[in-house]
Amino acid sequence: PIVISDNVSGIEKGYDYLFGMGHRRIAYISGPLNTLSARERLNGYKKALRGNNQPFKAIYVTYCDDYDYHFGVKSCHELLDQCGAAMPTAILAASDMVALGIIEAVQSRGLKVPEDISVIGFDNIEIAKYCTPPLTTIKQSRRKIGVETANTLLSLIRGEEIANRIVIPVELIERQTCCPPRAVEED
């Protein structure tokens, strides 16, 4: 059995939040695809595109080798280079640490978060609320995951029937890294 956050819904919530603000060039920086969470979050991005009648454009996606700050910086530079003049106005990140790297990369190019590029992370790590600007993120409930994992283990020990997959809901935490795009976007 597996106890996991609702990765698909989380990325959809972030995408829909940005789309609702008027963003149409919403990029995604994925985690390593050898992890289940990265694959599910990428699927959430693709599902959100379909749900909002937006085409998948490969130039708006890059992949990190790990969920860390340095890969966030590197992947964001790759993303912005490959987008050229069609620069995204918002970037969804597969983790908060990647999002912090994205903010660094955006700012190193003389751009501002959120005025030029809005950013959303995933995890709601403690530092997310203290960074400048405080990071909008998708909150996973580590407590609920822990409780469900312990209950599942106890059920297994008792020989009870259990679900193969337990999905824990996530929520969007609005902070200060997102705002409407400066102008109406044209594709």
# chains A, B, ... in the order shown; residues from 1 in each chain; ligands from 1
>>> residues_around(residues="Ile145 (chain A)", least_positions_apart="6", cutoff="7 Å", atoms="only C-alpha atoms", output="list of chain:residue names")
A:Val3, A:Ile4, A:Ile168
>>> write_last_selection(atoms="N, CA, C and O atoms", output="CSV table (one decimal), in the first residue's frame")
chain,number,residue,atom,x,y,z
A,3,VAL,N,0.7,5.6,0.8
A,3,VAL,CA,0.0,6.8,1.3
A,3,VAL,C,0.7,8.0,0.7
A,3,VAL,O,1.9,8.1,0.8
A,4,ILE,N,0.0,8.8,-0.1
A,4,ILE,CA,0.6,9.8,-0.9
A,4,ILE,C,-0.3,11.0,-0.9
A,4,ILE,O,-1.5,10.9,-0.8
A,168,ILE,N,-4.0,11.7,0.1
A,168,ILE,CA,-4.3,12.7,1.1
A,168,ILE,C,-4.5,14.0,0.4
A,168,ILE,O,-3.6,14.4,-0.4
>>> select_by_dssp(residues="region 36-186 of chain A", states="strand (DSSP E or B)", output="MDAnalysis selection string")
chainID A and resid 61:63 90:93 118:123 136:139 165:168 171:173
>>> atom_distance(atom1="CA of Asn52 (chain A)", atom2="CA of Ser75 (chain A)")
25.1 Å
>>> closest_atom_pairs(of="region 74-181 of chain A", to="region 24-39 of chain A", cutoff="10 Å", atoms="only C-alpha atoms", output="CSV")
residue,atom,partner,partner_atom,distance
A:Ser75,CA,A:Ile29,CA,7.0
A:Cys76,CA,A:Ile29,CA,7.4
A:Leu79,CA,A:Ile29,CA,8.1
A:Leu80,CA,A:Ala27,CA,9.6
A:Cys83,CA,A:Ala27,CA,9.6
A:Ala86,CA,A:Arg25,CA,7.9
A:Met87,CA,A:Arg25,CA,7.4
A:Pro88,CA,A:Arg25,CA,4.7
A:Thr89,CA,A:Arg25,CA,5.7
A:Ala90,CA,A:Ile26,CA,4.8
A:Ile91,CA,A:Ala27,CA,4.6
A:Leu92,CA,A:Tyr28,CA,4.8
A:Ala93,CA,A:Ile29,CA,5.0
A:Ala94,CA,A:Ser30,CA,5.1
A:Ser95,CA,A:Gly31,CA,7.5
A:Val98,CA,A:Ile29,CA,8.0
A:Ala99,CA,A:Ile29,CA,8.6
A:Ile102,CA,A:Ile29,CA,8.9
A:Ile117,CA,A:Ile26,CA,9.4
A:Ser118,CA,A:Ile26,CA,9.0
A:Val119,CA,A:Ile26,CA,9.5
A:Ile120,CA,A:Tyr28,CA,9.7
A:Gly121,CA,A:Ile29,CA,9.8
A:Pro181,CA,A:Arg24,CA,9.0
>>> atom_distance(atom1="CA of Leu49 (chain A)", atom2="CA of Met21 (chain A)")
15.0 Å
>>> residues_around(residues="Phe122 (chain A)", least_positions_apart="2", cutoff="10 Å", atoms="only C-alpha atoms", output="ChimeraX atom specification")
/A:7,10-11,14,41,92-99,120,124-125,128,135-140,170-173
>>> atom_distance(atom1="CA of Ser141 (chain A)", atom2="CA of Arg50 (chain A)")
27.1 Å
>>> select_by_dssp(residues="region 93-122 of chain A", states="helix (DSSP H, G or I)", output="VMD selection string")
chain A and resid 96 to 108
>>> closest_residue(among="A:Val106, A:Ala183, A:Ala58, A:Cys64", to="His77 (chain A)", atoms="only C-alpha atoms")
A:Val106
